[in-house]
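Novice: My structure is in target-v9.csv, and what it holds is CSV, C-alpha atoms:
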chain,number,residue,atom,x,y,z
A,1,LYS,CA,165.1,143.3,86.6
A,2,ASN,CA,161.9,142.2,88.2
A,3,GLN,CA,161.9,138.4,88.7
A,4,VAL,CA,160.1,135.7,90.5
A,5,GLU,CA,161.8,132.3,91.1
A,6,GLN,CA,160.0,129.3,92.5
A,7,SER,CA,161.4,126.1,94.0
A,8,PRO,CA,161.4,123.2,93.7
A,9,GLN,CA,160.5,122.9,90.0
A,10,SER,CA,158.6,119.8,90.8
A,11,LEU,CA,157.7,117.8,93.9
A,12,ILE,CA,156.2,114.3,94.5
A,13,ILE,CA,154.8,113.5,97.9
A,14,LEU,CA,152.5,110.9,99.4
A,15,GLU,CA,148.9,111.6,100.1
A,16,GLY,CA,148.4,112.9,103.7
A,17,LYS,CA,151.8,114.4,103.9
A,18,ASN,CA,152.6,118.1,104.3
A,19,CYS,CA,154.7,120.2,101.9
A,20,THR,CA,156.1,123.7,101.5
A,21,LEU,CA,156.7,125.5,98.2
A,22,GLN,CA,159.0,128.5,98.0
A,23,CYS,CA,158.9,131.7,96.1
A,24,ASN,CA,161.7,134.3,96.0
A,25,TYR,CA,161.3,137.6,94.2
A,26,THR,CA,163.3,140.6,93.2
A,27,VAL,CA,160.4,143.0,92.5
A,28,SER,CA,160.4,146.7,93.2
A,29,PRO,CA,158.4,148.5,94.2
A,30,PHE,CA,156.4,145.7,95.7
A,31,SER,CA,152.6,145.8,95.8
A,32,ASN,CA,151.3,142.4,96.6
A,33,LEU,CA,152.0,138.7,96.2
A,34,ARG,CA,149.5,136.0,95.0
A,35,TRP,CA,149.5,132.3,94.9
A,36,TYR,CA,147.5,130.5,92.2
A,37,LYS,CA,146.7,126.8,91.7
A,38,GLN,CA,146.5,125.6,88.1
A,39,ASP,CA,145.1,122.2,87.3
A,40,THR,CA,146.4,120.6,84.0
A,41,GLY,CA,144.7,122.1,81.0
A,42,ARG,CA,142.8,124.7,83.0
A,43,GLY,CA,143.1,128.3,84.0
A,44,PRO,CA,144.8,129.3,87.3
A,45,VAL,CA,142.6,129.8,90.4
A,46,SER,CA,143.5,132.3,93.1
A,47,LEU,CA,144.5,130.9,96.5
A,48,THR,CA,145.7,133.9,98.4
A,49,ILE,CA,146.7,137.5,97.9
A,50,MET,CA,149.0,139.2,100.4
A,51,THR,CA,150.0,142.8,100.8
A,52,PHE,CA,153.2,144.2,102.3
A,53,SER,CA,151.8,144.2,105.9
A,54,GLU,CA,150.5,140.7,105.9
A,55,ASN,CA,152.8,137.9,107.2
A,56,THR,CA,150.4,134.9,107.0
A,57,LYS,CA,147.2,134.1,105.2
A,58,SER,CA,145.3,130.8,105.1
A,59,ASN,CA,142.8,129.3,102.8
A,60,GLY,CA,141.6,126.0,104.1
A,61,ARG,CA,144.6,123.6,104.1
A,62,TYR,CA,146.7,126.2,102.3
A,63,THR,CA,148.8,128.7,104.3
A,64,ALA,CA,150.9,131.3,102.6
A,65,THR,CA,153.6,133.3,104.4
A,66,LEU,CA,155.4,136.5,103.3
A,67,ASP,CA,158.7,137.9,104.5
A,68,ALA,CA,158.9,141.3,102.8
A,69,ASP,CA,162.4,141.9,104.2
A,70,THR,CA,164.0,138.9,102.7
A,71,LYS,CA,161.6,139.0,99.7
A,72,GLN,CA,160.5,135.4,100.2
A,73,SER,CA,157.1,133.7,100.4
A,74,SER,CA,156.1,130.1,101.0
A,75,LEU,CA,152.9,128.1,100.4
A,76,HIS,CA,152.4,125.3,103.0
A,77,ILE,CA,149.9,122.5,102.2
A,78,THR,CA,148.7,120.5,105.1
A,79,ALA,CA,147.4,116.9,104.9
A,80,SER,CA,147.7,116.7,101.1
A,81,GLN,CA,145.0,115.2,99.0
A,82,LEU,CA,145.1,113.7,95.5
A,83,SER,CA,143.2,116.8,94.3
A,84,ASP,CA,146.1,119.0,95.3
A,85,SER,CA,148.1,117.6,92.3
A,86,ALA,CA,148.6,120.8,90.2
A,87,SER,CA,151.0,123.5,89.4
A,88,TYR,CA,151.3,126.3,92.0
A,89,ILE,CA,152.3,129.7,90.7
A,90,CYS,CA,153.6,132.6,92.7
A,91,VAL,CA,152.8,136.1,91.2
A,92,VAL,CA,154.2,139.4,92.4
A,93,SER,CA,152.7,142.7,91.6
A,94,ALA,CA,154.9,145.7,91.1
A,95,ILE,CA,153.7,149.3,91.1
A,96,GLY,CA,154.6,151.4,88.1
A,97,ASP,CA,154.3,155.1,87.6
A,98,SER,CA,150.8,154.9,86.1
A,99,ASN,CA,150.0,151.2,86.2
A,100,TYR,CA,151.0,148.0,87.8
A,101,GLN,CA,152.9,144.9,86.5
A,102,LEU,CA,152.3,141.3,87.4
A,103,ILE,CA,155.4,139.1,87.4
A,104,TRP,CA,154.6,135.4,87.1
A,105,GLY,CA,156.8,132.6,88.4
A,106,ALA,CA,157.3,129.4,86.3
A,107,GLY,CA,155.4,127.4,89.0
A,108,THR,CA,156.0,124.3,91.0
A,109,LYS,CA,154.5,121.1,89.7
A,110,LEU,CA,153.1,119.1,92.7
A,111,ILE,CA,152.2,115.5,92.3
A,112,ILE,CA,150.4,113.7,95.2
A,113,LYS,CA,150.7,109.9,95.1
A,114,PRO,CA,148.2,107.6,96.9
B,1,LYS,CA,127.3,133.8,88.5
B,2,ALA,CA,128.8,132.4,85.3
B,3,GLY,CA,132.6,132.3,85.1
B,4,VAL,CA,134.9,133.5,82.4
B,5,THR,CA,134.2,131.9,79.1
B,6,GLN,CA,136.6,131.5,76.2
B,7,THR,CA,135.9,130.4,72.7
B,8,PRO,CA,136.9,128.4,70.9
B,9,ARG,CA,138.4,125.9,73.3
B,10,TYR,CA,140.7,124.3,70.7
B,11,LEU,CA,142.0,125.7,67.4
B,12,ILE,CA,144.3,124.3,64.8
B,13,LYS,CA,145.8,126.7,62.2
B,14,THR,CA,148.6,126.7,59.7
B,15,ARG,CA,151.6,129.0,59.5
B,16,GLY,CA,150.8,132.4,58.0
B,17,GLN,CA,147.1,132.3,58.9
B,18,GLN,CA,145.5,134.6,61.4
B,19,VAL,CA,143.3,133.8,64.4
B,20,THR,CA,140.8,135.5,66.6
B,21,LEU,CA,140.1,134.4,70.2
B,22,SER,CA,137.2,135.5,72.2
B,23,CYS,CA,136.7,136.1,76.0
B,24,SER,CA,133.6,136.9,77.9
B,25,PRO,CA,134.3,138.1,81.4
B,26,ILE,CA,132.3,137.6,84.6
B,27,SER,CA,129.3,139.8,84.6
B,28,GLY,CA,130.2,143.2,86.1
B,29,HIS,CA,133.9,142.8,85.5
B,30,ARG,CA,135.4,145.6,83.4
B,31,SER,CA,139.0,144.4,83.2
B,32,VAL,CA,140.2,141.7,80.9
B,33,SER,CA,143.8,140.5,80.6
B,34,TRP,CA,145.3,138.0,78.1
B,35,TYR,CA,148.2,135.6,78.8
B,36,GLN,CA,150.1,133.1,76.7
B,37,GLN,CA,151.3,129.9,78.4
B,38,THR,CA,153.7,127.4,76.8
B,39,PRO,CA,154.8,124.1,78.2
B,40,GLY,CA,157.3,124.7,81.0
B,41,GLN,CA,156.9,128.4,80.9
B,42,GLY,CA,155.2,130.8,83.2
B,43,LEU,CA,152.3,132.8,82.1
B,44,GLN,CA,153.4,135.6,79.7
B,45,PHE,CA,151.4,138.7,79.9
B,46,LEU,CA,150.0,140.0,76.6
B,47,PHE,CA,147.8,142.9,77.4
B,48,GLU,CA,145.1,144.2,79.6
B,49,TYR,CA,141.9,146.1,78.7
B,50,PHE,CA,139.8,148.2,80.9
B,51,SER,CA,136.7,150.0,79.7
B,52,GLU,CA,137.6,149.5,76.1
B,53,THR,CA,141.1,151.0,76.6
B,54,GLN,CA,144.4,149.1,76.6
B,55,ARG,CA,145.9,149.8,80.0
B,56,ASN,CA,148.9,147.5,80.0
B,57,LYS,CA,150.9,145.7,77.4
B,58,GLY,CA,153.5,143.0,77.6
B,59,ASN,CA,156.5,142.4,75.3
B,60,PHE,CA,154.9,140.7,72.4
B,61,PRO,CA,155.3,141.6,68.7
B,62,GLY,CA,152.7,143.7,66.9
B,63,ARG,CA,151.2,140.5,65.4
B,64,PHE,CA,149.4,140.2,68.7
B,65,SER,CA,146.5,142.6,69.1
B,66,GLY,CA,143.4,142.9,71.1
B,67,ARG,CA,140.3,145.0,71.7
B,68,GLN,CA,137.5,145.2,74.2
B,69,PHE,CA,133.9,146.0,73.5
B,70,SER,CA,131.4,148.1,75.4
B,71,ASN,CA,130.0,145.0,77.1
B,72,SER,CA,133.5,144.2,78.3
B,73,ARG,CA,133.9,141.2,76.0
B,74,SER,CA,137.3,141.0,74.5
B,75,GLU,CA,139.0,139.6,71.5
B,76,MET,CA,142.6,138.8,70.8
B,77,ASN,CA,143.9,138.5,67.3
B,78,VAL,CA,147.2,137.0,66.1
B,79,SER,CA,148.2,137.6,62.5
B,80,THR,CA,150.7,135.7,60.4
B,81,LEU,CA,150.9,132.8,62.7
B,82,GLU,CA,154.2,131.1,63.5
B,83,LEU,CA,154.9,127.7,64.9
B,84,GLY,CA,156.0,129.3,68.2
B,85,ASP,CA,152.6,130.7,68.7
B,86,SER,CA,151.3,127.3,69.6
B,87,ALA,CA,150.2,127.7,73.2
B,88,LEU,CA,147.4,127.9,75.7
B,89,TYR,CA,145.9,131.4,75.6
B,90,LEU,CA,144.3,132.4,78.9
B,91,CYS,CA,141.9,135.3,79.6
B,92,ALA,CA,141.3,136.7,83.0
B,93,SER,CA,138.8,139.1,84.3
B,94,SER,CA,138.6,141.3,87.3
B,95,LEU,CA,136.3,143.9,88.7
B,96,SER,CA,138.6,146.8,87.9
B,97,SER,CA,142.1,147.4,86.9
B,98,GLY,CA,143.3,147.6,90.5
B,99,ARG,CA,146.5,146.2,91.9
B,100,THR,CA,144.8,144.1,94.5
B,101,ASP,CA,141.9,142.8,92.4
B,102,THR,CA,141.7,139.0,92.1
B,103,GLN,CA,141.8,137.8,88.6
B,104,TYR,CA,139.5,135.0,87.5
B,105,PHE,CA,140.7,132.9,84.7
B,106,GLY,CA,138.8,131.2,81.9
B,107,PRO,CA,139.6,127.6,80.8
B,108,GLY,CA,141.8,128.9,77.9
B,109,THR,CA,142.0,128.4,74.2
B,110,ARG,CA,144.5,125.8,73.0
B,111,LEU,CA,146.0,127.0,69.8
B,112,THR,CA,148.1,124.6,67.6
B,113,VAL,CA,150.0,126.0,64.7
B,114,LEU,CA,151.1,123.5,62.1
Could you take the file, read its structure, and then write that structure out as structure tokens?

Specialist:
Amino acid sequence: KNQVEQSPQSLIILEGKNCTLQCNYTVSPFSNLRWYKQDTGRGPVSLTIMTFSENTKSNGRYTATLDADTKQSSLHITASQLSDSASYICVVSAIGDSNYQLIWGAGTKLIIKP
Amino acid sequence: KAGVTQTPRYLIKTRGQQVTLSCSPISGHRSVSWYQQTPGQGLQFLFEYFSETQRNKGNFPGRFSGRQFSNSRSEMNVSTLELGDSALYLCASSLSSGRTDTQYFGPGTRLTVL
């Protein structure tokens, strides 16, 4: 069964600190992996999208890594800011016979404290 | 360029009623996907439309239906509402129905069923 699991479920860190969020998946056949940021009460916003051949991708203070062998991805946030408080969702795309399927993780709720 | 718009933003209905939600994609986008998000749950995929045709469908009962018009605007209908249908309904648009296309989300419609 295609699944995406994220950890931790929630995380509280102080402003200015770094943090790393994890995403493990059992999705086959794999197409790509995406990270989204979702502020409370709003729609998700895309941070990165990574294909099989990409190991690292950055978007400002956000750096995503992908290990396709171990089926793991991480999202590293550097020098956190209060505005980083949000849920971060990992989404893996699987290729079907005639279409594709997006499998969404439950997200990690990140709280940045001043 | 205007983003994805969803109307209404908030809706309160009672059990047994039906509801129609509307989504206007980004200009030029031809794919529209619908998701249901409940507290503590990941996004649950409802369906995707591309060029007025349903391309993908999630595991939701037949009470949930949708359609897409020639201008790419999409509507989602839920009949015979149940308490469990209370959720944030998100619409996302993308250029095409490709596996690597970035989805852009609207702000969502918050549906409360009493």

Novice: Give me, as a PDB file with C-alpha atoms, keeping the file's coordinate frame, the contact residues of chain A against chain B at a cut-off of 9 Å, counting all atoms listed in the file.

Specialist:
ATOM      1  CA  SER A  31     152.600 145.800  95.800  1.00  0.00           C
ATOM      2  CA  ASN A  32     151.300 142.400  96.600  1.00  0.00           C
ATOM      3  CA  ARG A  34     149.500 136.000  95.000  1.00  0.00           C
ATOM      4  CA  GLY A  41     144.700 122.100  81.000  1.00  0.00           C
ATOM      5  CA  ARG A  42     142.800 124.700  83.000  1.00  0.00           C
ATOM      6  CA  GLY A  43     143.100 128.300  84.000  1.00  0.00           C
ATOM      7  CA  PRO A  44     144.800 129.300  87.300  1.00  0.00           C
ATOM      8  CA  VAL A  45     142.600 129.800  90.400  1.00  0.00           C
ATOM      9  CA  SER A  46     143.500 132.300  93.100  1.00  0.00           C
ATOM     10  CA  ILE A  49     146.700 137.500  97.900  1.00  0.00           C
ATOM     11  CA  MET A  50     149.000 139.200 100.400  1.00  0.00           C
ATOM     12  CA  THR A  51     150.000 142.800 100.800  1.00  0.00           C
ATOM     13  CA  ILE A  89     152.300 129.700  90.700  1.00  0.00           C
ATOM     14  CA  SER A  93     152.700 142.700  91.600  1.00  0.00           C
ATOM     15  CA  ALA A  94     154.900 145.700  91.100  1.00  0.00           C
ATOM     16  CA  ILE A  95     153.700 149.300  91.100  1.00  0.00           C
ATOM     17  CA  ASN A  99     150.000 151.200  86.200  1.00  0.00           C
ATOM     18  CA  TYR A 100     151.000 148.000  87.800  1.00  0.00           C
ATOM     19  CA  GLN A 101     152.900 144.900  86.500  1.00  0.00           C
ATOM     20  CA  LEU A 102     152.300 141.300  87.400  1.00  0.00           C
ATOM     21  CA  ILE A 103     155.400 139.100  87.400  1.00  0.00           C
ATOM     22  CA  TRP A 104     154.600 135.400  87.100  1.00  0.00           C
ATOM     23  CA  GLY A 105     156.800 132.600  88.400  1.00  0.00           C
ATOM     24  CA  ALA A 106     157.300 129.400  86.300  1.00  0.00           C
ATOM     25  CA  GLY A 107     155.400 127.400  89.000  1.00  0.00           C
TER      26      GLY A 107
END

Novice: Mind listing whatever residues come within 7 Å of the point (137.6, 133.6, 68.8)? Use only C-alpha atoms, file coordinates, and give them as a VMD selection string.

Specialist: chain B and resid 7 to 8 20 to 22 75

Novice: One decimal, in Å: what's the spacing between atom CA of A:Lys1 and atom CA of B:Asn77?

Specialist: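 These two atoms are separated by 29.1 Å.
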
Novice: I'd like the interatomic distance between atom CA of B:Pro25 and atom CA of B:Thr5, to a tenth of an Å.

Specialist: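 Answer for the atom CA of B:Pro25 to atom CA of B:Thr5 separation: 6.6 Å.
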
Novice: At a cut-off of 8 Å from (146.5, 115.1, 97.0) in the coordinates of the file, what residues are picked up using only C-alpha atoms, written as a PyMOL selection string?

Specialist: chain A and resi 14-16+80-85+111-114

Novice: Restricting it to C-alpha atoms, dump the selection as a PDB file, keeping the file's coordinate frame.

Specialist:
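Output contents, as saved in selection-v2.pdb:
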ATOM      1  CA  LEU A  14     152.500 110.900  99.400  1.00  0.00           C
ATOM      2  CA  GLU A  15     148.900 111.600 100.100  1.00  0.00           C
ATOM      3  CA  GLY A  16     148.400 112.900 103.700  1.00  0.00           C
ATOM      4  CA  SER A  80     147.700 116.700 101.100  1.00  0.00           C
ATOM      5  CA  GLN A  81     145.000 115.200  99.000  1.00  0.00           C
ATOM      6  CA  LEU A  82     145.100 113.700  95.500  1.00  0.00           C
ATOM      7  CA  SER A  83     143.200 116.800  94.300  1.00  0.00           C
ATOM      8  CA  ASP A  84     146.100 119.000  95.300  1.00  0.00           C
ATOM      9  CA  SER A  85     148.100 117.600  92.300  1.00  0.00           C
ATOM     10  CA  ILE A 111     152.200 115.500  92.300  1.00  0.00           C
ATOM     11  CA  ILE A 112     150.400 113.700  95.200  1.00  0.00           C
ATOM     12  CA  LYS A 113     150.700 109.900  95.100  1.00  0.00           C
ATOM     13  CA  PRO A 114     148.200 107.600  96.900  1.00  0.00           C
TER      14      PRO A 114
END

Novice: Can you tell me how far atom CA of B:Gln6 sits from atom CA of A:Val4, in Å to one decimal?

Specialist: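 Computed distance, atom CA of B:Gln6 to atom CA of A:Val4, equals 27.8 Å.
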
Novice: Which is closer to B:Tyr10 than all the others in B:Leu95, B:Ala87, B:Arg30, B:Glu48, using all atoms listed in the file?

Specialist: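 Among the listed residues, B:Ala87 lies closest to B:Tyr10.
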
Novice: Can you tell me, as an MDAnalysis selection string, what residues are no more than 8 Å from A:Cys23 when counting all atoms listed in the file, ignoring any on the same chain fewer than 2 positions away?

Specialist: chainID A and resid 4:7 21 25 72:74 90

Novice: Name the closest residue to A:Phe30 among the candidates A:Ser10, A:Thr78, A:Thr65, A:Ser53; distances are taken between atoms, counting only C-alpha atoms.

Specialist: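 Checking each of A:Ser10, A:Thr78, A:Thr65, A:Ser53 against A:Phe30, counting only C-alpha atoms, the winner is A:Ser53.
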
Novice: Considering all atoms listed in the file, state which residue in the set A:Val92, A:Ile13, A:Cys19, A:Leu33 is at the smallest distance from A:Arg61.

Specialist: A:Cys19

Novice: Between A:Thr108, A:Asn55, A:Thr48, A:Ser87, which has the minimum distance to A:Lys71 (counting all atoms listed in the file)?

Specialist: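 Going through A:Thr108, A:Asn55, A:Thr48, A:Ser87 one by one, the smallest distance to A:Lys71 is for A:Asn55.
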